[in-house]
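Structure, as structure tokens:
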Amino acid sequence: MSILKVSVYQKPLNEGLNLTILKKLAALKSDFLVLPEYFYLDSNIKDDQALLDRSQFAQDWIQKLSDAYHGVIIGGTILRTDESASKSVLRCSTPIVSNGEIIDWYNKRNPVDYDFEKKTSAGGEEGVYILSGHRFAVLNGRDLMQTDEIARLAADGIKIIL
């Protein structure tokens with residue numbers, strides 16, 4: 001098995017997303033950069049609409065970071081409106097980003113609704129990806145505590161869960 005370098009970043013909660021953070025992360029020499037859930041939040045979020053607006057900003061920020069960072073970014077959970085479903089639904093999604101583009105979204109299967117006034121919808125995707133020569137799965141939040149999901153991934157031969 002080849003060596004895999006993973007960087008995990010935890011942003012101070014009182015600090016917004018800025019150019020200094022972008023430059024610091026872009027300089028990392030790793031295969032994967034993992035951002036925490038809701039990494040873009042700060043004390044200025046007062047309601048769901050502000051959260052959705054900030055989510056769009058975070059999505060744009062990650063894509064800009066991906067232009068400079070030479071690896072795969074898995075990160076953070078972003079609240080978004082999913083138009084691809086049969087009807088428009090609100091999802092807690094983790095973007096999988098490479099080369100400035102969102103490759104895919106991992107939609108949480110077990111979203112926690114107490115954070116939002118609007119109900120978020122669960123995802124049902126497999127959550128398995130092949131990027132940068134590595135086959136891996138993404139799990140986020142309560143999805144990590146689902147032993148049946150981890151057993152399914154192990155049975156499918158997945159050795160890396162981010």
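As shown in the structure tokens, the chain order sets the letters A, B, ...; within each chain, residues go from 1, and ligands are also counted from 1 in the order they appear.
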When you look at Ile73 (chain A) with a cut-off of 10 Å (counting only C-alpha atoms), what residues show up, excluding the ones that are within fewer than 6 positions of it in the same chain? I need them as a PyMOL selection string.
chain A and resi 6-7+31-35+62-63+65-66+94-100+102
Can those selected residues be exported to a file as a PDB file, in the first residue's frame so that it contains N, CA and C atoms?
ATOM      1  N   VAL A   6      -2.500  12.838   4.937  1.00  0.00           N
ATOM      2  CA  VAL A   6      -3.780  13.493   5.192  1.00  0.00           C
ATOM      3  C   VAL A   6      -3.548  14.652   6.156  1.00  0.00           C
ATOM      4  N   SER A   7      -4.005  15.832   5.789  1.00  0.00           N
ATOM      5  CA  SER A   7      -3.962  16.993   6.677  1.00  0.00           C
ATOM      6  C   SER A   7      -5.365  17.236   7.207  1.00  0.00           C
ATOM      7  N   ASP A  31      -1.979  14.602   0.396  1.00  0.00           N
ATOM      8  CA  ASP A  31      -2.888  14.070  -0.620  1.00  0.00           C
ATOM      9  C   ASP A  31      -4.332  14.499  -0.378  1.00  0.00           C
ATOM     10  N   PHE A  32      -4.690  14.609   0.902  1.00  0.00           N
ATOM     11  CA  PHE A  32      -6.047  14.970   1.287  1.00  0.00           C
ATOM     12  C   PHE A  32      -6.011  16.050   2.358  1.00  0.00           C
ATOM     13  N   LEU A  33      -6.947  16.967   2.277  1.00  0.00           N
ATOM     14  CA  LEU A  33      -7.163  17.975   3.308  1.00  0.00           C
ATOM     15  C   LEU A  33      -8.586  17.779   3.805  1.00  0.00           C
ATOM     16  N   VAL A  34      -8.732  17.500   5.093  1.00  0.00           N
ATOM     17  CA  VAL A  34     -10.042  17.252   5.682  1.00  0.00           C
ATOM     18  C   VAL A  34     -10.401  18.443   6.569  1.00  0.00           C
ATOM     19  N   LEU A  35     -11.551  19.036   6.286  1.00  0.00           N
ATOM     20  CA  LEU A  35     -12.046  20.163   7.067  1.00  0.00           C
ATOM     21  C   LEU A  35     -13.173  19.677   7.971  1.00  0.00           C
ATOM     22  N   ILE A  62     -13.913  27.131  -0.710  1.00  0.00           N
ATOM     23  CA  ILE A  62     -13.268  25.820  -0.881  1.00  0.00           C
ATOM     24  C   ILE A  62     -12.821  25.632  -2.328  1.00  0.00           C
ATOM     25  N   GLN A  63     -13.656  26.031  -3.275  1.00  0.00           N
ATOM     26  CA  GLN A  63     -13.271  25.898  -4.681  1.00  0.00           C
ATOM     27  C   GLN A  63     -12.056  26.773  -4.999  1.00  0.00           C
ATOM     28  N   LEU A  65      -9.736  27.624  -2.803  1.00  0.00           N
ATOM     29  CA  LEU A  65      -8.626  26.927  -2.155  1.00  0.00           C
ATOM     30  C   LEU A  65      -8.157  25.767  -3.022  1.00  0.00           C
ATOM     31  N   SER A  66      -9.090  25.049  -3.610  1.00  0.00           N
ATOM     32  CA  SER A  66      -8.757  23.890  -4.437  1.00  0.00           C
ATOM     33  C   SER A  66      -7.960  24.262  -5.686  1.00  0.00           C
ATOM     34  N   THR A  94     -21.163  17.177   2.434  1.00  0.00           N
ATOM     35  CA  THR A  94     -19.720  17.359   2.456  1.00  0.00           C
ATOM     36  C   THR A  94     -19.230  17.371   1.022  1.00  0.00           C
ATOM     37  N   PRO A  95     -18.629  18.482   0.582  1.00  0.00           N
ATOM     38  CA  PRO A  95     -18.120  18.517  -0.786  1.00  0.00           C
ATOM     39  C   PRO A  95     -16.812  17.742  -0.923  1.00  0.00           C
ATOM     40  N   ILE A  96     -16.660  17.051  -2.034  1.00  0.00           N
ATOM     41  CA  ILE A  96     -15.414  16.388  -2.411  1.00  0.00           C
ATOM     42  C   ILE A  96     -14.876  17.240  -3.561  1.00  0.00           C
ATOM     43  N   VAL A  97     -13.747  17.930  -3.338  1.00  0.00           N
ATOM     44  CA  VAL A  97     -13.275  18.952  -4.268  1.00  0.00           C
ATOM     45  C   VAL A  97     -11.860  18.642  -4.735  1.00  0.00           C
ATOM     46  N   SER A  98     -11.636  18.797  -6.028  1.00  0.00           N
ATOM     47  CA  SER A  98     -10.309  18.592  -6.604  1.00  0.00           C
ATOM     48  C   SER A  98     -10.154  19.491  -7.825  1.00  0.00           C
ATOM     49  N   ASN A  99      -8.982  20.077  -7.977  1.00  0.00           N
ATOM     50  CA  ASN A  99      -8.676  20.932  -9.134  1.00  0.00           C
ATOM     51  C   ASN A  99      -9.706  22.033  -9.358  1.00  0.00           C
ATOM     52  N   GLY A 100     -10.156  22.646  -8.277  1.00  0.00           N
ATOM     53  CA  GLY A 100     -11.071  23.775  -8.385  1.00  0.00           C
ATOM     54  C   GLY A 100     -12.516  23.428  -8.654  1.00  0.00           C
ATOM     55  N   ILE A 102     -16.059  20.933  -7.666  1.00  0.00           N
ATOM     56  CA  ILE A 102     -16.723  19.986  -6.773  1.00  0.00           C
ATOM     57  C   ILE A 102     -16.975  18.727  -7.580  1.00  0.00           C
TER      58      ILE A 102
END
Region 76-79 of chain A environment, 10 Å, only C-alpha atoms, sequence neighbours closer than 5 positions dropped, as an mmCIF file with C-alpha atoms, in the first residue's frame:
data_model
loop_
_atom_site.group_PDB
_atom_site.id
_atom_site.type_symbol
_atom_site.label_atom_id
_atom_site.label_comp_id
_atom_site.auth_asym_id
_atom_site.auth_seq_id
_atom_site.Cartn_x
_atom_site.Cartn_y
_atom_site.Cartn_z
ATOM 1 C CA TYR A 9 -7.483 21.429 9.799
ATOM 2 C CA VAL A 34 -10.042 17.252 5.682
ATOM 3 C CA LEU A 35 -12.046 20.163 7.067
ATOM 4 C CA PRO A 36 -14.350 19.808 10.101
ATOM 5 C CA GLU A 37 -18.122 20.036 10.036
ATOM 6 C CA TYR A 38 -19.396 23.592 9.638
ATOM 7 C CA PHE A 39 -15.814 24.928 9.598
ATOM 8 C CA TYR A 40 -17.002 28.247 8.178
ATOM 9 C CA LEU A 41 -19.302 29.209 11.059
ATOM 10 C CA ASP A 48 -31.035 29.674 8.958
ATOM 11 C CA LEU A 51 -26.351 29.973 7.566
ATOM 12 C CA LEU A 52 -27.399 29.232 3.975
ATOM 13 C CA ASP A 53 -25.761 32.449 2.746
ATOM 14 C CA ARG A 54 -22.543 31.622 4.580
ATOM 15 C CA SER A 55 -22.694 28.067 3.200
ATOM 16 C CA GLN A 56 -22.577 29.420 -0.356
ATOM 17 C CA PHE A 57 -19.602 31.605 0.578
ATOM 18 C CA ALA A 58 -17.855 28.549 2.100
ATOM 19 C CA GLN A 59 -18.476 26.516 -1.058
ATOM 20 C CA ILE A 62 -13.268 25.820 -0.881
ATOM 21 C CA LEU A 90 -32.180 20.904 2.284
ATOM 22 C CA ARG A 91 -29.108 18.717 2.860
ATOM 23 C CA CYS A 92 -26.106 18.629 5.163
ATOM 24 C CA SER A 93 -23.471 17.829 2.559
ATOM 25 C CA THR A 94 -19.720 17.359 2.456
ATOM 26 C CA PRO A 95 -18.120 18.517 -0.786
ATOM 27 C CA ILE A 96 -15.414 16.388 -2.411
ATOM 28 C CA TRP A 105 -21.274 15.625 -2.563
ATOM 29 C CA TYR A 106 -21.524 13.229 0.363
ATOM 30 C CA ASN A 107 -24.965 13.846 1.863
ATOM 31 C CA LYS A 108 -25.185 12.888 5.529
ATOM 32 C CA PHE A 116 -31.714 24.166 12.027
ATOM 33 C CA THR A 120 -32.685 18.545 6.531
ATOM 34 C CA ASN A 140 -19.581 12.554 8.605
ATOM 35 C CA GLY A 141 -21.220 13.274 11.962
#
Would you please extract all strand (DSSP E) residues from region 66-162 of chain A, as assigned by DSSP on the backbone, and give them as number ranges by chain?
A: 72-75, 78-82, 89-98, 101-107, 128-131, 134-137
Using DSSP on the backbone, list every residue of chain A that comes out as helix (DSSP H, G or I), and give them as JSON, numbers by chain.
{"A": [19, 20, 21, 22, 23, 24, 25, 26, 48, 49, 50, 51, 52, 53, 54, 55, 56, 57, 58, 59, 60, 61, 62, 63, 64, 65, 66, 67, 68, 113, 114, 115, 141, 142, 143, 144, 145, 147, 148, 149, 150, 151, 152, 153, 154, 155]}
Using only C-alpha atoms, can you tell me which of A:Leu144, A:Val128, A:Ile74, A:Leu139 comes closest to Ile158 (chain A)?
A:Val128
If you measure from CA of Gly75 (chain A) to CA of Leu153 (chain A), what distance in Å do you get, rounded to one decimal?
20.0 Å
CA of Ala68 (chain A) to CA of Ser84 (chain A), distance in Å rounded to a single decimal
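Straight-line distance from CA of Ala68 (chain A) to CA of Ser84 (chain A) works out to 28.7 Å.
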Ranking A:Arg152, A:Lys23, A:Leu17, A:Tyr69 by minimum distance to Ala137 (chain A) and counting only C-alpha atoms, which one comes first?
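So, comparing all the options, the nearest one is A:Arg152.
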Write out as a PyMOL selection string which residues come within 10 Å of Phe136 (chain A) when counting only C-alpha atoms, dropping same-chain ones fewer than 6 positions away.
chain A and resi 127-130+153+157-162
